[in-house]
Amino acid sequence: MLDGHAQKHVILIVEENRILRAEAVVACKGSGYATVEASGGADALEILEKRDDISLVFTSVNMKGAIDGVQLAVRVHAKWPKLAIVMTSGIVNLRQSLLPHRFRFVRKPYATKPLMTCFKVLIESEHREEVSSPQWSS
């Protein structure tokens with residue numbers, strides 16, 4: 001179990017696979033995080049527009065619809081640059097050195113404990129002094 005600081009943090013889980021989404025919710029709640037769920041990128045953006053308590057977005061890369069996980073991450077980073085983002089995929093790989101600060105890629109299948117540690121590190125980095133990081137290139 002993570003420390004009591006996790007209680008105030010909300011994780012937005014964006015995954016079109018209902019079973020994988022439910023597993024992520026269980027893992028987050030077991031680590032003391034509150035969760036909000038979205039089945040796609042468009043739903044996730046609607047949630048982010050309405051809420052200001054999201055600490056981290058956890059999204060699958062491959063999703064159907066107009067906004068996949070990569071497009072979602074780009075839009076989230078552009079509009080909410082301090083929001084932590086963790087992307088996951090069993091198909092593609094992203095090089096960590098090319099990603100912005102407070103952004104991580106985790107390959108599927110992932111182990112729950114290291115994933116929760118990743119979330120904790122990113123959320124705690126919100127409270128540390130910002131350091132220079134690579135920027136998205138268009």
# chains A, B, ... in the order shown; residues from 1 in each chain; ligands from 1
$ select_by_dssp --residues "chain A" --states "strand (DSSP E or B)" --output "PyMOL selection string"
chain A and resi 10-14+34-38+54-60+84-89+103-107
$ residues_around --residues "A:Arg107" --least-positions-apart "2" --cutoff "10 Å" --atoms "only C-alpha atoms" --output "list of chain:residue names"
A:Ser60, A:Met87, A:Thr88, A:Ser89, A:Gly90, A:Ile91, A:Val92, A:Asn93, A:Leu94, A:Phe105, A:Pro109, A:Tyr110, A:Ala111
$ residues_around --residues "A:Phe103" --least-positions-apart "2" --cutoff "6 Å" --atoms "only C-alpha atoms" --output "JSON list (two decimals) with all heavy atoms, in the first residue's frame"
[["chain", "number", "residue", "atom", "x", "y", "z"],
["A", 84, "ALA", "N", 0.66, 14.35, -15.52],
["A", 84, "ALA", "CA", 1.44, 13.15, -15.79],
["A", 84, "ALA", "C", 0.66, 12.22, -16.72],
["A", 84, "ALA", "O", -0.56, 12.12, -16.62],
["A", 84, "ALA", "CB", 1.77, 12.44, -14.49],
["A", 85, "ILE", "N", 1.38, 11.55, -17.62],
["A", 85, "ILE", "CA", 0.76, 10.64, -18.59],
["A", 85, "ILE", "C", 1.57, 9.35, -18.63],
["A", 85, "ILE", "O", 2.79, 9.38, -18.73],
["A", 85, "ILE", "CB", 0.73, 11.26, -20.01],
["A", 85, "ILE", "CG1", -0.03, 12.59, -20.01],
["A", 85, "ILE", "CG2", 0.12, 10.27, -21.01],
["A", 85, "ILE", "CD1", 0.13, 13.39, -21.30],
["A", 86, "VAL", "N", 0.85, 8.22, -18.56],
["A", 86, "VAL", "CA", 1.48, 6.92, -18.76],
["A", 86, "VAL", "C", 0.72, 6.24, -19.89],
["A", 86, "VAL", "O", -0.50, 6.10, -19.84],
["A", 86, "VAL", "CB", 1.44, 6.05, -17.48],
["A", 86, "VAL", "CG1", 2.02, 4.66, -17.75],
["A", 86, "VAL", "CG2", 2.19, 6.73, -16.33],
["A", 100, "PRO", "N", 8.27, 13.71, -23.11],
["A", 100, "PRO", "CA", 8.36, 14.87, -22.22],
["A", 100, "PRO", "C", 8.49, 14.44, -20.75],
["A", 100, "PRO", "O", 8.22, 13.29, -20.39],
["A", 100, "PRO", "CB", 7.02, 15.59, -22.43],
["A", 100, "PRO", "CG", 6.48, 15.06, -23.69],
["A", 100, "PRO", "CD", 7.01, 13.67, -23.84],
["A", 101, "HIS", "N", 8.84, 15.41, -19.91],
["A", 101, "HIS", "CA", 8.91, 15.22, -18.47],
["A", 101, "HIS", "C", 7.54, 14.77, -17.96],
["A", 101, "HIS", "O", 6.51, 15.21, -18.46],
["A", 101, "HIS", "CB", 9.31, 16.57, -17.83],
["A", 101, "HIS", "CG", 9.45, 16.52, -16.35],
["A", 101, "HIS", "ND1", 10.40, 15.77, -15.73],
["A", 101, "HIS", "CD2", 8.73, 17.13, -15.38],
["A", 101, "HIS", "CE1", 10.28, 15.93, -14.42],
["A", 101, "HIS", "NE2", 9.28, 16.74, -14.19]]
$ closest_residue --among "A:Arg102, A:Val26, A:Ser39, A:Arg75" --to "A:Val121" --atoms "only C-alpha atoms"
A:Arg102
$ residues_around --residues "stretch 15-22 of chain A" --least-positions-apart "5" --cutoff "9 Å" --atoms "only C-alpha atoms" --output "number ranges by chain"
A: 27, 37-41, 58-64, 69
$ closest_residue --among "A:Gly65, A:Pro114, A:Lys8, A:Val106" --to "A:Asp43" --atoms "only C-alpha atoms"
A:Gly65
$ residues_around --residues "A:Val36" --least-positions-apart "4" --cutoff "10 Å" --atoms "only C-alpha atoms" --output "list in words"
Val10, Ile11, Leu12, Ile13, Val14, Val25, Ala44, Ile47, Ile54 and Val57 of chain A
$ select_by_dssp --residues "stretch 48-108 of chain A" --states "helix (DSSP H, G or I)" --output "number ranges by chain"
A: 48-50, 69-79, 96-98
$ write_last_selection --atoms "N, CA, C and O atoms" --output "short mmCIF file (atom, residue, chain, number, x, y, z; two decimals), in the first residue's frame"
data_model
loop_
_atom_site.label_atom_id
_atom_site.label_comp_id
_atom_site.auth_asym_id
_atom_site.auth_seq_id
_atom_site.Cartn_x
_atom_site.Cartn_y
_atom_site.Cartn_z
N LEU A 48 -11.54 15.43 -18.75
CA LEU A 48 -10.52 16.39 -18.35
C LEU A 48 -11.01 17.83 -18.43
O LEU A 48 -10.59 18.67 -17.64
N GLU A 49 -11.90 18.12 -19.37
CA GLU A 49 -12.45 19.47 -19.48
C GLU A 49 -13.34 19.81 -18.27
O GLU A 49 -13.43 20.96 -17.87
N LYS A 50 -13.97 18.79 -17.70
CA LYS A 50 -14.94 19.00 -16.61
C LYS A 50 -14.33 18.89 -15.22
O LYS A 50 -14.93 19.34 -14.25
N GLY A 69 -4.66 6.69 -28.38
CA GLY A 69 -3.88 7.05 -27.20
C GLY A 69 -2.77 8.05 -27.46
O GLY A 69 -2.50 8.92 -26.63
N VAL A 70 -2.12 7.96 -28.62
CA VAL A 70 -1.06 8.92 -28.94
C VAL A 70 -1.66 10.30 -29.15
O VAL A 70 -1.16 11.30 -28.61
N GLN A 71 -2.74 10.39 -29.91
CA GLN A 71 -3.39 11.69 -30.13
C GLN A 71 -3.90 12.26 -28.81
O GLN A 71 -3.80 13.47 -28.57
N LEU A 72 -4.43 11.40 -27.96
CA LEU A 72 -4.89 11.85 -26.64
C LEU A 72 -3.73 12.43 -25.85
O LEU A 72 -3.83 13.53 -25.29
N ALA A 73 -2.61 11.72 -25.82
CA ALA A 73 -1.45 12.20 -25.06
C ALA A 73 -0.94 13.54 -25.59
O ALA A 73 -0.60 14.43 -24.81
N VAL A 74 -0.91 13.69 -26.90
CA VAL A 74 -0.46 14.96 -27.49
C VAL A 74 -1.40 16.09 -27.07
O VAL A 74 -0.95 17.17 -26.67
N ARG A 75 -2.69 15.86 -27.15
CA ARG A 75 -3.67 16.90 -26.78
C ARG A 75 -3.61 17.22 -25.29
O ARG A 75 -3.68 18.39 -24.89
N VAL A 76 -3.51 16.18 -24.46
CA VAL A 76 -3.42 16.40 -23.01
C VAL A 76 -2.15 17.19 -22.69
O VAL A 76 -2.20 18.16 -21.93
N HIS A 77 -1.03 16.79 -23.27
CA HIS A 77 0.23 17.48 -22.99
C HIS A 77 0.18 18.94 -23.45
O HIS A 77 0.71 19.82 -22.78
N ALA A 78 -0.48 19.21 -24.57
CA ALA A 78 -0.57 20.59 -25.08
C ALA A 78 -1.45 21.46 -24.18
O ALA A 78 -1.12 22.61 -23.92
N LYS A 79 -2.55 20.91 -23.70
CA LYS A 79 -3.50 21.71 -22.92
C LYS A 79 -3.20 21.70 -21.42
O LYS A 79 -3.44 22.70 -20.73
N GLN A 96 11.74 6.21 -24.27
CA GLN A 96 11.56 7.09 -23.12
C GLN A 96 12.31 8.41 -23.28
O GLN A 96 11.82 9.46 -22.90
N SER A 97 13.49 8.38 -23.87
CA SER A 97 14.30 9.59 -24.00
C SER A 97 13.65 10.65 -24.89
O SER A 97 14.01 11.82 -24.83
N LEU A 98 12.68 10.26 -25.71
CA LEU A 98 12.01 11.22 -26.59
C LEU A 98 10.73 11.78 -25.98
O LEU A 98 10.10 12.65 -26.58
#
$ atom_distance --atom1 "atom CA of A:Arg51" --atom2 "atom CA of A:Ile123"
17.0 Å
$ decode --residues "stretch 23-34 of chain A" --atoms "all heavy atoms" --output "mmCIF file, in the first residue's frame"
data_model
loop_
_atom_site.group_PDB
_atom_site.id
_atom_site.type_symbol
_atom_site.label_atom_id
_atom_site.label_comp_id
_atom_site.auth_asym_id
_atom_site.auth_seq_id
_atom_site.Cartn_x
_atom_site.Cartn_y
_atom_site.Cartn_z
ATOM 1 N N GLU A 23 -9.197 -4.131 -14.456
ATOM 2 C CA GLU A 23 -7.988 -4.554 -13.746
ATOM 3 C C GLU A 23 -7.160 -3.354 -13.302
ATOM 4 O O GLU A 23 -6.616 -3.339 -12.195
ATOM 5 C CB GLU A 23 -7.154 -5.492 -14.619
ATOM 6 C CG GLU A 23 -7.788 -6.855 -14.811
ATOM 7 C CD GLU A 23 -7.060 -7.738 -15.826
ATOM 8 O OE1 GLU A 23 -6.085 -7.263 -16.465
ATOM 9 O OE2 GLU A 23 -7.466 -8.900 -15.979
ATOM 10 N N ALA A 24 -7.059 -2.349 -14.157
ATOM 11 C CA ALA A 24 -6.311 -1.132 -13.801
ATOM 12 C C ALA A 24 -6.999 -0.394 -12.658
ATOM 13 O O ALA A 24 -6.337 0.125 -11.752
ATOM 14 C CB ALA A 24 -6.159 -0.222 -15.016
ATOM 15 N N VAL A 25 -8.327 -0.352 -12.681
ATOM 16 C CA VAL A 25 -9.088 0.292 -11.595
ATOM 17 C C VAL A 25 -8.813 -0.415 -10.276
ATOM 18 O O VAL A 25 -8.530 0.231 -9.261
ATOM 19 C CB VAL A 25 -10.607 0.304 -11.919
ATOM 20 C CG1 VAL A 25 -11.419 0.665 -10.686
ATOM 21 C CG2 VAL A 25 -10.906 1.270 -13.057
ATOM 22 N N VAL A 26 -8.868 -1.740 -10.269
ATOM 23 C CA VAL A 26 -8.621 -2.514 -9.051
ATOM 24 C C VAL A 26 -7.212 -2.238 -8.521
ATOM 25 O O VAL A 26 -7.017 -2.023 -7.324
ATOM 26 C CB VAL A 26 -8.841 -4.028 -9.309
ATOM 27 C CG1 VAL A 26 -8.305 -4.870 -8.154
ATOM 28 C CG2 VAL A 26 -10.315 -4.316 -9.543
ATOM 29 N N ALA A 27 -6.223 -2.224 -9.415
ATOM 30 C CA ALA A 27 -4.833 -1.963 -9.003
ATOM 31 C C ALA A 27 -4.694 -0.567 -8.399
ATOM 32 O O ALA A 27 -4.057 -0.395 -7.352
ATOM 33 C CB ALA A 27 -3.894 -2.120 -10.195
ATOM 34 N N CYS A 28 -5.289 0.423 -9.057
ATOM 35 C CA CYS A 28 -5.198 1.801 -8.559
ATOM 36 C C CYS A 28 -5.879 1.948 -7.206
ATOM 37 O O CYS A 28 -5.323 2.534 -6.275
ATOM 38 C CB CYS A 28 -5.819 2.772 -9.564
ATOM 39 S SG CYS A 28 -4.834 3.016 -11.040
ATOM 40 N N LYS A 29 -7.079 1.415 -7.098
ATOM 41 C CA LYS A 29 -7.811 1.513 -5.824
ATOM 42 C C LYS A 29 -7.075 0.767 -4.720
ATOM 43 O O LYS A 29 -7.037 1.221 -3.580
ATOM 44 C CB LYS A 29 -9.234 1.014 -5.995
ATOM 45 C CG LYS A 29 -10.080 1.990 -6.790
ATOM 46 C CD LYS A 29 -11.538 1.572 -6.883
ATOM 47 C CE LYS A 29 -12.318 2.669 -7.610
ATOM 48 N NZ LYS A 29 -13.738 2.353 -7.720
ATOM 49 N N GLY A 30 -6.459 -0.373 -5.062
ATOM 50 C CA GLY A 30 -5.676 -1.123 -4.087
ATOM 51 C C GLY A 30 -4.452 -0.369 -3.606
ATOM 52 O O GLY A 30 -3.928 -0.638 -2.525
ATOM 53 N N SER A 31 -4.004 0.592 -4.390
ATOM 54 C CA SER A 31 -2.858 1.426 -4.017
ATOM 55 C C SER A 31 -3.292 2.764 -3.427
ATOM 56 O O SER A 31 -2.464 3.635 -3.197
ATOM 57 C CB SER A 31 -1.966 1.662 -5.239
ATOM 58 O OG SER A 31 -1.375 0.451 -5.640
ATOM 59 N N GLY A 32 -4.585 2.928 -3.229
ATOM 60 C CA GLY A 32 -5.076 4.130 -2.565
ATOM 61 C C GLY A 32 -5.473 5.270 -3.469
ATOM 62 O O GLY A 32 -5.781 6.360 -3.001
ATOM 63 N N TYR A 33 -5.482 5.061 -4.768
ATOM 64 C CA TYR A 33 -5.869 6.109 -5.703
ATOM 65 C C TYR A 33 -7.366 6.042 -5.997
ATOM 66 O O TYR A 33 -7.946 4.960 -6.053
ATOM 67 C CB TYR A 33 -5.115 5.979 -7.032
ATOM 68 C CG TYR A 33 -3.629 6.167 -6.910
ATOM 69 C CD1 TYR A 33 -2.768 5.090 -7.079
ATOM 70 C CD2 TYR A 33 -3.086 7.415 -6.618
ATOM 71 C CE1 TYR A 33 -1.398 5.251 -6.962
ATOM 72 C CE2 TYR A 33 -1.718 7.582 -6.500
ATOM 73 C CZ TYR A 33 -0.879 6.500 -6.664
ATOM 74 O OH TYR A 33 0.472 6.661 -6.549
ATOM 75 N N ALA A 34 -7.955 7.178 -6.242
ATOM 76 C CA ALA A 34 -9.314 7.230 -6.779
ATOM 77 C C ALA A 34 -9.179 7.097 -8.295
ATOM 78 O O ALA A 34 -8.122 7.398 -8.857
ATOM 79 C CB ALA A 34 -9.979 8.550 -6.411
#
